[in-house]
Amino acid sequence: MPAQDVRELRIVGFLCNWCSYGGADTAGVGRFTQPTDLRIIRVPCSGRIDPLFIVRALMNGADGVLVSGCHPRDCHYAEGNFYARRRLEMLKRFLPITGIDERRFEYTWVSASEGQRWQHVVTEFTRRIHELGPAPSFNPKSDVDWNALAVKASQGQGCPCHGSIQA
Amino acid sequence: MEKFITKDNLYRLAEELAATCRVLAPVADCGTVTFRRFQPGMVLDLHSRMAAVSPKAATFPQTETLLVVKREIPEKKPEIIETLPEGKNVVLGCRPCGARGKLIFDPVYETDKIKDPYYLQRRRNTVFISLACDRPETTCFCHSVGSGPADPSGSDVLLTLVGEGYVARSVTPEGEEIMKLALFSDAGDKGKEADAKNAKAREMMGEAHDYASAPAKLLARFDDMDFWLAQSAKCISCGACTYMCPTCYCFNITDDDLGLSSQRIRTWDNCMSHTFTLEGSGHNPRSTKAHRLKNRVGHKFSYYPDLHKGVIACCGCGRCIKQCPTGVDIRQIVKAAQEYAE
Amino acid sequence: MSQLDDLKTAIKSRLGELECVIGWEQGYDPLHATPLFIRSEADLDRLIIGPLAVHNLATYLTGWKGKKVGVVVKGCDSRSVIELMNEKLVSRDDVVIFGLCCDGVVSQRKIRAALPADPGFVESVEIGADSLKVTVAGQAATLRLADVQADKCLVCDTPDAIVSDFLIGKAHTPAPAPSLKCQDEFEAKSDAEKFAFWQETMGRCIRCYACRNACPMCVCRDYCIATSRDPLWVSQENLPSENMMFQMIHVSHLAGRCTECGECERACPVDIPLMLLRRYMNKQVRDVFKHEAGKALDQTPPLLTFKVEEERINERGW
Amino acid sequence: MRIGVFICHCGSNIAGTVDCPSVAATALTYPDVVFSTDTMYACSEPGQDAIIQAVKDKNLDGVVVASCTPRMHEQTFRRAVERAGLNRYMFEMANIREHVSWIGKTKDLNTGKAAELVRMAVEKLRRNRPLVAKRFETVKRVLVIGGGVAGIQAALDCADGGQEVVLVEREQSIGGKMAKLDKTFPTVDCSSCVLGPKMVDIAQHPNITLYTCSEVESVGGYVGNFQVTVRRKSTYVDWTKCTGCGLCVEKCPSRKHPDPFNENLCNAPSINIPFPQAIPKKAAINASSCLMLTKGKCGLCAKVCPVKCIDFEQKDELVNVDVGAIVVATGYDLFDWHKYPQYGEGRYKDVITSMQYERLLSASGPTGGHIKRPSDGKEPKNVVFIQCVGSRDKSVDRPYCSGFCCMYTAKQAILTKDHIPDSQSYVFYMDIRSPGKMYDEFTRRAMEEYGAQYVRGRVAMIYPKGDKLVVRGADTLAGTQVEVPADLVVLAVGAESAKGAVQLGEKLRVAPDQYGFFVESHPKLKPVETNTAGVFLAGACQGPKDIPASVGQGSAAASKVLGLLSKAMLESDPAVSRVNPARCVGCGKCIQTCPFGAIKEIQDRFGNPKAEVIDTVCQGCGICTVTCPQGAIQLEHFTDNQILAEVNALCPPKMFANFE
């Protein structure tokens with residue numbers, strides 16, 4: 001896997017305890033080799049995953065966030081992933097306006113028995129993130145970066161709504 | 001000292017100062033005017049209007065890291081690094097009211113007992129080159145709080161626009177230092193023109209309102225919640241007024257625990273917010289916006305003056321009125337209290 | 001009788017039974033209106049309506065919970081009232097709605113851009129049928145209302161109050177523009193440009209929470225997770241990332257609830273174009289759930305429910 | 001806080017690709033970690049003792065173990081820290097085996113990852129708080145759904161164990177599929193002779209209440225305290241009076257509707273007792289064919305009934321029962337073979353199912369035990385059996401093996417020879433699946449002693465020729481086409497999930513798999529448990545099973561129930577949602593989204609609406625926590641702060657001292 005040959009990137013995973021976390025275990029038991037970038041946070045249900053956790057991770061500089069839950073209809077709590085599906089879909093569709101590449105966030109469904117599928121998901125997502133490369137930091141790293149932005153702004157660039165006002 | 005500096009030279013002055021210090025100057029920024037750290041190439045907006053945000057960030061930044069804690073191994077004590085502000089700052093092109101704001105801070109941050117090292121260091125290392133106003137905005141009332149459109153107090157250099165340049169007058173030795181630069185030329189008789197301009201601006205402001213009775217009258221309304229409910233009806237208890245205010249000096253201290261390291265930061269606080277007086281028990285002595293507005297107005301026009309030789313804790317810049325999403329007008333509230341028929 | 005007179009008559013007829021009626025009056029200068037809380041008929045004289053009456057007064061309703069009040073609403077504002085009712089945050093029985101047929105309101109920003117000098121120096125304003133005569137710093141300027149209308153009015157399809165006890169004025173047949181130029185332009189930008197834009201504007205944000213508190217749907221107010229220590233979502237540090245984090249909290253909590261009244265953007269003291277985010281989220285909600293908050297009574301916000309089969313969400317294949 | 005960290009080698013399972021000592025060393029630099037070590041097998045007895053010892057020596061108040069998946073050993077270690085005197089929730093686990101050592105190739109990357117997973121666990125643990133389980137009483141009563149052999153076994157075992165049992169059966173009599181069988185393999189003993197006595201026991205057992213012609217209407221509550229509503233469908237006969245004399249059955253003039261018990265091979269009277277050994281032995285009226293109920297005239301049964309128990313006005317009755325546990329034994333149904341064009345889709349009378357054949361063989365069946373083919377009542381000489389009809393066939397979405405068809409086909413071939421000595425049986429099969437005691441020997445006897453001809457291949461088509469049916473198929477061993485003239489064709493139809501299983505699953509919150517069979521908690525270690533506490537599975541509702549397996553599971557489920565109800569009090573998982581009334585604005589959004597109705601609205605002392613969680617009902621999914629905009633309702637052990645702490649541990653927020 002090319003992902004392993006280069007520097008690791010920061011990929012955060014949110015997995016529901018009953019299906020996907022078990023699926024990741026199954027993949028482990030099956031010794032299905034995967035890139036190591038992903039770090040998994042275990043939650044009881046995909047319905048517990050607040051889209052804002054994902055935003056928080058991205059704001060903190062995560063290069064990718066992967067969410068996985070039970071397949072729709074298979075939720076241990078009957079309805080959790082139905083709510084999750086709506087919340088996560090909204091977040092994914094919203095990201096573009098912020099300038100954060102929506103491909104850095106993905107959500108999927110993996111059952112406890114789908115070890116191979118999990119291996120596939122992790123491998124594919126990790127490859128994708130490595131193609132995208134490290135995520136830009138939302139906080140400009142240095143004064144220099146700040147200044148460049150500020151100068152641009154002072155010249156009235158960037159903002160569509162108020163652009164006219166600078167004139 | 002009185003000198004003259006052309007508009008172009010003022011920009012050069014900014015460039016020159018920026019080489020050695022942090023220069024804050026008003027910048028038209030996507031529809032608003034804010035103080036930004038000056039960079040060569042930056043377009044300044046000195047005249048169109050008063051900056052939306054006050055220049056107080058120069059001496060009292062919204063966020064200030066007080067100390068950083070680094071942890072190596074548990075046996076070794078965590079290392080605590082105090083982070084005192086470094087470097088010199090210049091505020092260029094603020095209005096006299098903005099520069100004057102810090103005069104309200106001083107008696108609070110430097111007393112016989114308490115001296116705030118962070119504030120004092122910034123205060124010491126910051127020079128205000130302010131620009132006299134040539135006409136008042138509808139929300140201006142500096143003349144009613146013991147100041148005026150060309151009030152030098154609080155500034156180090158006061159500029160007055162005359163023709164294609166400014167008449168510069170030094171107010172402090174620090175200001176005088178700067179004015180020694182070659183960019184300043186002899187003012188000739190432009191001084192008179194400047195005086196005339198400033199006089200005209202003052203005249204345009206009309207008669208000043210007399211706040212002399214405010215402290216007592218506000219105190220008299222202290223327990224009159226109906227009064228404050230009515231006054232605060234339209235307030236949405238956000239922080240626009242306090243954060244824009246050049247004289248609001250309240251702060252909050254929080255720790256950001258990041259596990260392996262952590263920081264203690266001081267940030268602007270906002271007395272209009274529920275959390276301002278929220279106690280650990282969950283009890284809140286100022287549970288409603290009426291309580292909070294009472295405190296804000298009372299503090300500026302009654303409690304502070306009582307503590308500090310009658311000085312009103314307001315510089316009359318009018319930002320709290322102009323920037324209020326619902327147009328709460330502090331002048332009206334104080335007036336209502338003053339004119340309240342017992 | 002004029003629309004204003006009709007409104008006054010309507011309010012008179014109900015004022016007796018109400019704690020107060022929330023309307024508008026002239027503010028600190030001729031160009032700015034401010035909310036008016038009518039408690040007696042005497043207050044009625046100060047009541048104004050028209051292009052300067054911008055505030056969405058629905059914002060105050062939750063603050064009067066348990067008391068019976070009246071509120072004057074434009075079409076857009078009425079959507080907020082409806083959404084509040086749909087979420088059982090306000091009871092229909094507690095509110096008397098004085099609905100207006102609205103001809104649109106101004107954007108103070110556009111006025112500022114159009115005037116020869118800053119509106120801070122305004123001296124007088126004359127409101128004509130379709131124009132605004134403003135004298136500022138000694139110079140008079142006539143602005144076409146159409147040119148300085150708030151963005152929301154350009155795309156407004158509900159100029160007349162949707163739900164009301166009194167509907168005042170003559171009904172419109174709205175002809176909204178399909179979309180806003182500024183929105184389309186911004187969405188067309190590259191990720192890098194948008195990212196840089198938000199970095200810069202969020203660097204300007206002072207987190208005064210005016211956007212939040214002006215929002216009629218932000219009902220947490222004092223208990224917003226952006227200002228709490230437990231849970232601790234956002235650092236108090238005024239960093240772009242933290243400021244953006246707060247905006248993301250606002251957007252995600254409004255997903256499917258935002259009535260696009262534009263108060264957040266109007267309230268922002270440093271003119272951050274927050275509606276870019278709101279409109280975009282609302283578009284996604286429309287596309288996926290065919291839902292528009294506050295357009296009808298008895299709707300459930302889409303994120304508070306689900307369908308076993310989601311027509312417009314494709315299952316995540318890999 | 002004082003945290004101890006234990007990095008498990010798991011022999012070489014982890015240590016093979018993770019540098020455990022260095023992970024332990026790194027952990028020492030983490031906040032609040034005062035002790036850190038690596039250990040060979042943390043879960044072993046010495047391993048656990050070491051943890052307990054460390055807690056005491058270093059007076060730790062929290063423990064992190066980095067080893068295998070928490071799904072394996074979280075409970076083990078929680079008990080260990082409890083033995084050490086800590087609260088069981090002051091423990092966190094980092095999964096460095098399944099999620100690290102077993103999937104990552106490079107040792108240094110694995111080691112780094114392991115260290116970070118430990119870091120996350122530490123940060124979460126720092127925000128854990130002791131949680132104490134709520135104890136609550138249980139109803140000492142069991143509901144068994146389904147009166148087939150599995151349900152019967154479960155009911156009897158529970159009743160013998162001293163628990164009250166409510167047995168609900170959809171049909172008029174208990175007995176299920178087994179009651180229809182003639183003989184059973186591999187012993188070829190009489191089915192009703194072995195089942196009959198058990199059925200009688202059900203009827204007579206003092207602890208068992210039997211509701212037949214009944215279905216579960218709704219299920220509420222939670223383990224130990226389920227509220228169940230049972231719908232008793234009207235039989236138009238007052239069973240408290242009916243003696244089962246059968247007079248009405250003899251006299252009933254309306255005999256036009258097919259008899260389901262006899263697989264529709266013959267008709268049944270409109271008032272009927274399905275079979276002689278029926279339990280309860282009571283008559284019931286078929287409303288759809290009864291002349292009185294359809295046309296309003298007749299009523300003969302009412303006239304002849306000696307005890308006057310006929311009641312044409314009778315209505316359905318809803319019965320509420322509180323139970324502490326539920327056993328689901330709803331069995332299976334037979335595949336509808338008409339989906340196959342090659343078998344004539346029902347055009348040929350003499351193509352029948354294996355279950356119909358059982359009835360033909362049965363002495364209590366329509367033919368009194370004499371094999372007569374449906375078309376002309378002739379005794380068949382050539383009988384062709386076709387296996388895997390609706391088994392192991394993706395094309396009809398039945399890819400699974402039904403398990404018992406091979407065996408009952410062999411049995412039926414043997415019985416055919418017994419009934420008609422000069423007959424010849426042919427069996428088309430794919431493979432012979434005969435694991436189990438005496439099973440393979442049994443199929444061999446069918447071939448060797450009873451001369452059944454086994455043809456390995458699928459049947460392509462069946463077509464009529466004279467009064468015979470020609471079965472054309474492939475003989476894949478001989479590699480030839482074969483055509484067998486048959487007097488009777490018997491289809492070994494496979495099993496599929498019982499009708500209504502999915503709907504019942506929804507009521508019980510037990511997920512069915514894609515074929516409608518209920519999913520067990522763990523395929524190996526929890527075969528009769530479900531993911532819903534207090535609900536257990538028995539028999540073919542979990543997947544096709546033969547009689548011994550079903551009976552075995554019936555007993556297994558019963559033992560689980562007895563174990564559960566033997567506890568005086570049950571403990572609820574304390575990791576449930578909690579409302580902070582100070583933050584709650586009473587908007588009710590959480591109430592709206594809770595799938596379990598576990599949140600109710602209350603009023604605080606000022607009369608403000610607030611949300612409140614019912615601990616014992618809350619299942620701990622956390623949907624409410626995400627729904628609540630104020631974060632006023634937090635799922636214990638998975639609070640916002642805890643998850644955020646994990647996020648921040650992975651991606652530390654940038655600290656950037658800004659001036660502007």
# chains A, B, ... in the order shown; residues from 1 in each chain; ligands from 1
call {"tool": "select_by_dssp", "arguments": {"residues": "range 160-277 of chain B", "states": "strand (DSSP E)", "output": "PyMOL selection string"}}
result
chain B and resi 160-162+165-170+185-186+251-257+261-268
call {"tool": "write_last_selection", "arguments": {"atoms": "C-alpha atoms", "output": "PDB file, in the first residue's frame"}}
result
ATOM      1  CA  THR B 160      -5.774  67.380  11.745  1.00  0.00           C
ATOM      2  CA  LEU B 161      -6.570  67.072   8.062  1.00  0.00           C
ATOM      3  CA  VAL B 162      -5.625  70.269   6.232  1.00  0.00           C
ATOM      4  CA  GLY B 165      -1.909  66.630   4.456  1.00  0.00           C
ATOM      5  CA  TYR B 166      -2.171  66.819   8.171  1.00  0.00           C
ATOM      6  CA  VAL B 167      -1.120  69.237  10.825  1.00  0.00           C
ATOM      7  CA  ALA B 168       0.558  67.079  13.447  1.00  0.00           C
ATOM      8  CA  ARG B 169       0.771  68.089  17.081  1.00  0.00           C
ATOM      9  CA  SER B 170       2.755  66.135  19.581  1.00  0.00           C
ATOM     10  CA  SER B 185       7.861  69.193   7.514  1.00  0.00           C
ATOM     11  CA  ASP B 186       7.351  72.618   9.042  1.00  0.00           C
ATOM     12  CA  PHE B 251     -11.967  40.218  30.972  1.00  0.00           C
ATOM     13  CA  ASN B 252     -12.348  36.516  31.490  1.00  0.00           C
ATOM     14  CA  ILE B 253      -9.593  34.008  32.194  1.00  0.00           C
ATOM     15  CA  THR B 254      -9.862  30.450  30.919  1.00  0.00           C
ATOM     16  CA  ASP B 255      -7.515  27.502  30.658  1.00  0.00           C
ATOM     17  CA  ASP B 256      -7.295  25.487  27.463  1.00  0.00           C
ATOM     18  CA  ASP B 257      -6.190  22.038  28.565  1.00  0.00           C
ATOM     19  CA  SER B 261       0.375  21.251  27.032  1.00  0.00           C
ATOM     20  CA  SER B 262      -2.089  23.873  28.082  1.00  0.00           C
ATOM     21  CA  GLN B 263      -2.486  27.625  28.080  1.00  0.00           C
ATOM     22  CA  ARG B 264      -4.100  30.196  30.312  1.00  0.00           C
ATOM     23  CA  ILE B 265      -5.677  32.946  28.247  1.00  0.00           C
ATOM     24  CA  ARG B 266      -7.310  36.239  29.076  1.00  0.00           C
ATOM     25  CA  THR B 267     -10.131  37.261  26.766  1.00  0.00           C
ATOM     26  CA  TRP B 268     -12.550  40.156  26.545  1.00  0.00           C
TER      27      TRP B 268
END
call {"tool": "closest_atom_pairs", "arguments": {"of": "chain B", "to": "chain A", "cutoff": "6 Å", "atoms": "only C-alpha atoms", "output": "Markdown table"}}
result
| residue | atom | partner | partner_atom | distance |
| --- | --- | --- | --- | --- |
| B:Val27 | CA | A:Ser154 | CA | 5.7 |
| B:Ala28 | CA | A:Ser154 | CA | 5.6 |
| B:Asp29 | CA | A:Ser154 | CA | 5.2 |
| B:Cys30 | CA | A:His162 | CA | 5.4 |
| B:Gly31 | CA | A:His162 | CA | 5.2 |
| B:Met42 | CA | A:Val151 | CA | 4.9 |
| B:Val43 | CA | A:Ser154 | CA | 5.4 |
call {"tool": "closest_atom_pairs", "arguments": {"of": "chain B", "to": "chain C", "cutoff": "8 Å", "atoms": "only C-alpha atoms", "output": "tab-separated table"}}
result
residue	atom	partner	partner_atom	distance
B:Cys30	CA	C:Asp271	CA	7.3
B:Gly31	CA	C:Asp271	CA	6.0
B:Thr32	CA	C:Val270	CA	5.6
B:Val33	CA	C:Val270	CA	7.6
B:Thr34	CA	C:Val270	CA	7.7
B:Ser48	CA	C:Asp118	CA	6.3
B:Arg49	CA	C:Asp118	CA	6.3
B:Ala52	CA	C:Val270	CA	6.6
B:Val53	CA	C:Val270	CA	7.6
B:Gln62	CA	C:Asn238	CA	6.7
B:Thr63	CA	C:Glu237	CA	5.6
B:Arg135	CA	C:Phe121	CA	7.8
B:Pro136	CA	C:Phe121	CA	6.9
B:Glu137	CA	C:Gly120	CA	4.7
B:Thr138	CA	C:Gly120	CA	5.7
B:Thr139	CA	C:Tyr28	CA	7.3
B:Ala233	CA	C:Phe37	CA	7.4
B:Lys234	CA	C:Pro35	CA	6.1
B:Ile236	CA	C:Asn213	CA	5.8
B:Ser237	CA	C:Asn213	CA	7.0
B:Cys238	CA	C:Ala210	CA	4.9
B:Gly239	CA	C:Cys208	CA	4.3
B:Ala240	CA	C:Cys208	CA	5.2
B:Tyr243	CA	C:Cys208	CA	6.5
B:Thr254	CA	C:Gln236	CA	7.3
B:Asp256	CA	C:Ser235	CA	6.8
B:Ile265	CA	C:Glu237	CA	7.1
B:Thr267	CA	C:Gln236	CA	6.8
B:Ser273	CA	C:Asp222	CA	7.3
B:His274	CA	C:Asp222	CA	5.5
B:Thr275	CA	C:Asp222	CA	7.3
B:Ile321	CA	C:Tyr28	CA	7.9
B:Gln323	CA	C:Pro269	CA	5.3
B:Cys324	CA	C:Ala267	CA	7.4
B:Pro325	CA	C:Ala267	CA	4.6
B:Thr326	CA	C:Thr34	CA	5.7
B:Gly327	CA	C:Thr34	CA	5.6
B:Val328	CA	C:Thr34	CA	7.8
B:Asp329	CA	C:Tyr28	CA	7.0
call {"tool": "residues_around", "arguments": {"residues": "Gly93 in chain B", "least_positions_apart": "2", "cutoff": "10 Å", "atoms": "only C-alpha atoms", "output": "list in words"}}
result
Leu10, Leu24, Ala25, Pro26, Phe35, Leu44, Asp45, Leu46, His47, Met50, Ala51, Pro55, Val90, Val91, Arg95, Pro96, Gly98, Ala99, Phe128, Ile129, Ser130, Leu131, Ala132, Val157, Leu158 and Leu159 of chain B
call {"tool": "residues_around", "arguments": {"residues": "range 546-552 of chain D", "least_positions_apart": "4", "cutoff": "7 Å", "atoms": "only C-alpha atoms", "output": "PDB file with N, CA, C and O atoms, in the first residue's frame"}}
result
ATOM      1  N   VAL D 149     -42.230 -27.221  18.283  1.00  0.00           N
ATOM      2  CA  VAL D 149     -41.500 -28.069  19.229  1.00  0.00           C
ATOM      3  C   VAL D 149     -40.489 -27.254  20.039  1.00  0.00           C
ATOM      4  O   VAL D 149     -40.316 -27.477  21.243  1.00  0.00           O
ATOM      5  N   ALA D 150     -39.876 -26.232  19.406  1.00  0.00           N
ATOM      6  CA  ALA D 150     -38.903 -25.412  20.140  1.00  0.00           C
ATOM      7  C   ALA D 150     -39.598 -24.628  21.240  1.00  0.00           C
ATOM      8  O   ALA D 150     -39.143 -24.601  22.384  1.00  0.00           O
ATOM      9  N   GLN D 153     -40.724 -26.895  24.077  1.00  0.00           N
ATOM     10  CA  GLN D 153     -39.600 -27.275  24.944  1.00  0.00           C
ATOM     11  C   GLN D 153     -39.248 -26.122  25.874  1.00  0.00           C
ATOM     12  O   GLN D 153     -39.115 -26.282  27.077  1.00  0.00           O
ATOM     13  N   PHE D 404     -32.297 -29.753   6.522  1.00  0.00           N
ATOM     14  CA  PHE D 404     -32.960 -31.029   6.852  1.00  0.00           C
ATOM     15  C   PHE D 404     -33.576 -31.754   5.653  1.00  0.00           C
ATOM     16  O   PHE D 404     -34.018 -32.882   5.784  1.00  0.00           O
ATOM     17  N   ALA D 538     -35.301 -19.311  19.887  1.00  0.00           N
ATOM     18  CA  ALA D 538     -35.272 -20.774  19.926  1.00  0.00           C
ATOM     19  C   ALA D 538     -35.786 -21.306  18.601  1.00  0.00           C
ATOM     20  O   ALA D 538     -36.749 -20.789  18.048  1.00  0.00           O
ATOM     21  N   GLY D 539     -35.114 -22.310  18.070  1.00  0.00           N
ATOM     22  CA  GLY D 539     -35.608 -23.021  16.906  1.00  0.00           C
ATOM     23  C   GLY D 539     -35.353 -22.309  15.596  1.00  0.00           C
ATOM     24  O   GLY D 539     -34.464 -21.472  15.473  1.00  0.00           O
ATOM     25  N   ALA D 540     -36.192 -22.637  14.595  1.00  0.00           N
ATOM     26  CA  ALA D 540     -35.917 -22.277  13.212  1.00  0.00           C
ATOM     27  C   ALA D 540     -36.143 -20.800  12.913  1.00  0.00           C
ATOM     28  O   ALA D 540     -35.833 -20.342  11.817  1.00  0.00           O
ATOM     29  N   ALA D 556     -31.973 -24.324  25.661  1.00  0.00           N
ATOM     30  CA  ALA D 556     -30.932 -23.318  25.885  1.00  0.00           C
ATOM     31  C   ALA D 556     -31.568 -21.977  26.232  1.00  0.00           C
ATOM     32  O   ALA D 556     -31.230 -21.336  27.225  1.00  0.00           O
TER      33      ALA D 556
END
call {"tool": "residues_around", "arguments": {"residues": "Asn267 in chain D", "least_positions_apart": "5", "cutoff": "10 Å", "atoms": "only C-alpha atoms", "output": "PDB file with N, CA, C and O atoms, in the first residue's frame"}}
result
ATOM      1  N   SER D 254     -70.875 -27.431   5.785  1.00  0.00           N
ATOM      2  CA  SER D 254     -70.031 -26.669   4.872  1.00  0.00           C
ATOM      3  C   SER D 254     -68.603 -27.192   4.900  1.00  0.00           C
ATOM      4  O   SER D 254     -67.871 -27.041   5.879  1.00  0.00           O
ATOM      5  N   ARG D 255     -68.227 -27.896   3.811  1.00  0.00           N
ATOM      6  CA  ARG D 255     -66.908 -28.526   3.791  1.00  0.00           C
ATOM      7  C   ARG D 255     -66.183 -28.169   2.496  1.00  0.00           C
ATOM      8  O   ARG D 255     -65.620 -29.020   1.825  1.00  0.00           O
ATOM      9  N   LYS D 256     -66.284 -26.868   2.152  1.00  0.00           N
ATOM     10  CA  LYS D 256     -65.753 -26.510   0.836  1.00  0.00           C
ATOM     11  C   LYS D 256     -64.334 -25.932   0.900  1.00  0.00           C
ATOM     12  O   LYS D 256     -63.671 -25.790  -0.112  1.00  0.00           O
ATOM     13  N   HIS D 257     -63.875 -25.530   2.092  1.00  0.00           N
ATOM     14  CA  HIS D 257     -62.554 -24.874   2.070  1.00  0.00           C
ATOM     15  C   HIS D 257     -61.448 -25.865   2.433  1.00  0.00           C
ATOM     16  O   HIS D 257     -61.664 -26.776   3.238  1.00  0.00           O
ATOM     17  N   PRO D 258     -60.296 -25.721   1.747  1.00  0.00           N
ATOM     18  CA  PRO D 258     -59.197 -26.678   1.918  1.00  0.00           C
ATOM     19  C   PRO D 258     -58.703 -26.705   3.354  1.00  0.00           C
ATOM     20  O   PRO D 258     -58.790 -25.718   4.084  1.00  0.00           O
ATOM     21  N   ASP D 259     -58.163 -27.850   3.754  1.00  0.00           N
ATOM     22  CA  ASP D 259     -57.725 -28.067   5.123  1.00  0.00           C
ATOM     23  C   ASP D 259     -56.245 -27.731   5.249  1.00  0.00           C
ATOM     24  O   ASP D 259     -55.407 -28.480   4.748  1.00  0.00           O
ATOM     25  N   PRO D 260     -55.902 -26.614   5.897  1.00  0.00           N
ATOM     26  CA  PRO D 260     -54.484 -26.208   5.970  1.00  0.00           C
ATOM     27  C   PRO D 260     -53.636 -27.242   6.696  1.00  0.00           C
ATOM     28  O   PRO D 260     -52.504 -27.486   6.319  1.00  0.00           O
ATOM     29  N   PHE D 261     -54.222 -27.875   7.717  1.00  0.00           N
ATOM     30  CA  PHE D 261     -53.404 -28.838   8.458  1.00  0.00           C
ATOM     31  C   PHE D 261     -52.967 -29.978   7.548  1.00  0.00           C
ATOM     32  O   PHE D 261     -51.862 -30.479   7.636  1.00  0.00           O
ATOM     33  N   ASN D 262     -53.848 -30.360   6.617  1.00  0.00           N
ATOM     34  CA  ASN D 262     -53.503 -31.413   5.665  1.00  0.00           C
ATOM     35  C   ASN D 262     -52.919 -30.828   4.381  1.00  0.00           C
ATOM     36  O   ASN D 262     -53.050 -31.423   3.300  1.00  0.00           O
ATOM     37  N   PRO D 366     -55.299 -37.452   5.148  1.00  0.00           N
ATOM     38  CA  PRO D 366     -56.526 -37.537   4.326  1.00  0.00           C
ATOM     39  C   PRO D 366     -56.730 -38.901   3.699  1.00  0.00           C
ATOM     40  O   PRO D 366     -57.855 -39.291   3.384  1.00  0.00           O
TER      41      PRO D 366
END
call {"tool": "closest_atom_pairs", "arguments": {"of": "chain D", "to": "chain A", "cutoff": "7 Å", "atoms": "only C-alpha atoms", "output": "tab-separated table"}}
result
residue	atom	partner	partner_atom	distance
D:Thr69	CA	A:Asp25	CA	6.9
D:Glu98	CA	A:Gly28	CA	4.1
D:His99	CA	A:Gly28	CA	6.0
D:Trp102	CA	A:Gly28	CA	5.3
D:Ile103	CA	A:Thr33	CA	4.2
D:Gly104	CA	A:Thr33	CA	5.8
D:Leu109	CA	A:Thr36	CA	6.9
D:Asn110	CA	A:Thr36	CA	7.0
D:Arg509	CA	A:Ala78	CA	6.8
D:Ala511	CA	A:Asp74	CA	6.5
D:Asn531	CA	A:His76	CA	7.0
D:Pro595	CA	A:Glu79	CA	6.4
D:Cys621	CA	A:Cys45	CA	5.6
D:Gly622	CA	A:Arg48	CA	4.5
D:Ile623	CA	A:Gly47	CA	4.8
D:Thr625	CA	A:Arg48	CA	6.8
D:Val626	CA	A:Asp50	CA	5.3
D:Leu644	CA	A:Phe53	CA	6.8
D:Val647	CA	A:Ala57	CA	6.1
D:Cys651	CA	A:Asn60	CA	5.6
D:Pro652	CA	A:Asn60	CA	6.2
D:Pro653	CA	A:Asn60	CA	4.6
D:Lys654	CA	A:Asn60	CA	6.5
call {"tool": "decode", "arguments": {"residues": "range 209-214 of chain B", "atoms": "N, CA and C atoms", "output": "compact mmCIF listing (two decimals), in the first residue's frame"}}
result
# COMPACT_ATOMS: atom_id res chain seq x y z
N HIS B 209 -24.67 67.42 26.23
CA HIS B 209 -25.64 67.01 27.25
C HIS B 209 -24.94 66.96 28.61
N ASP B 210 -25.64 67.36 29.65
CA ASP B 210 -25.02 67.41 30.97
C ASP B 210 -25.31 66.13 31.74
N TYR B 211 -24.27 65.34 31.96
CA TYR B 211 -24.44 64.06 32.66
C TYR B 211 -24.19 64.18 34.17
N ALA B 212 -24.06 65.39 34.64
CA ALA B 212 -23.67 65.60 36.05
C ALA B 212 -24.60 64.84 37.00
N SER B 213 -25.89 64.85 36.68
CA SER B 213 -26.85 64.24 37.62
C SER B 213 -26.96 62.72 37.41
N ALA B 214 -26.28 62.21 36.37
CA ALA B 214 -26.48 60.81 35.98
C ALA B 214 -26.15 59.83 37.12
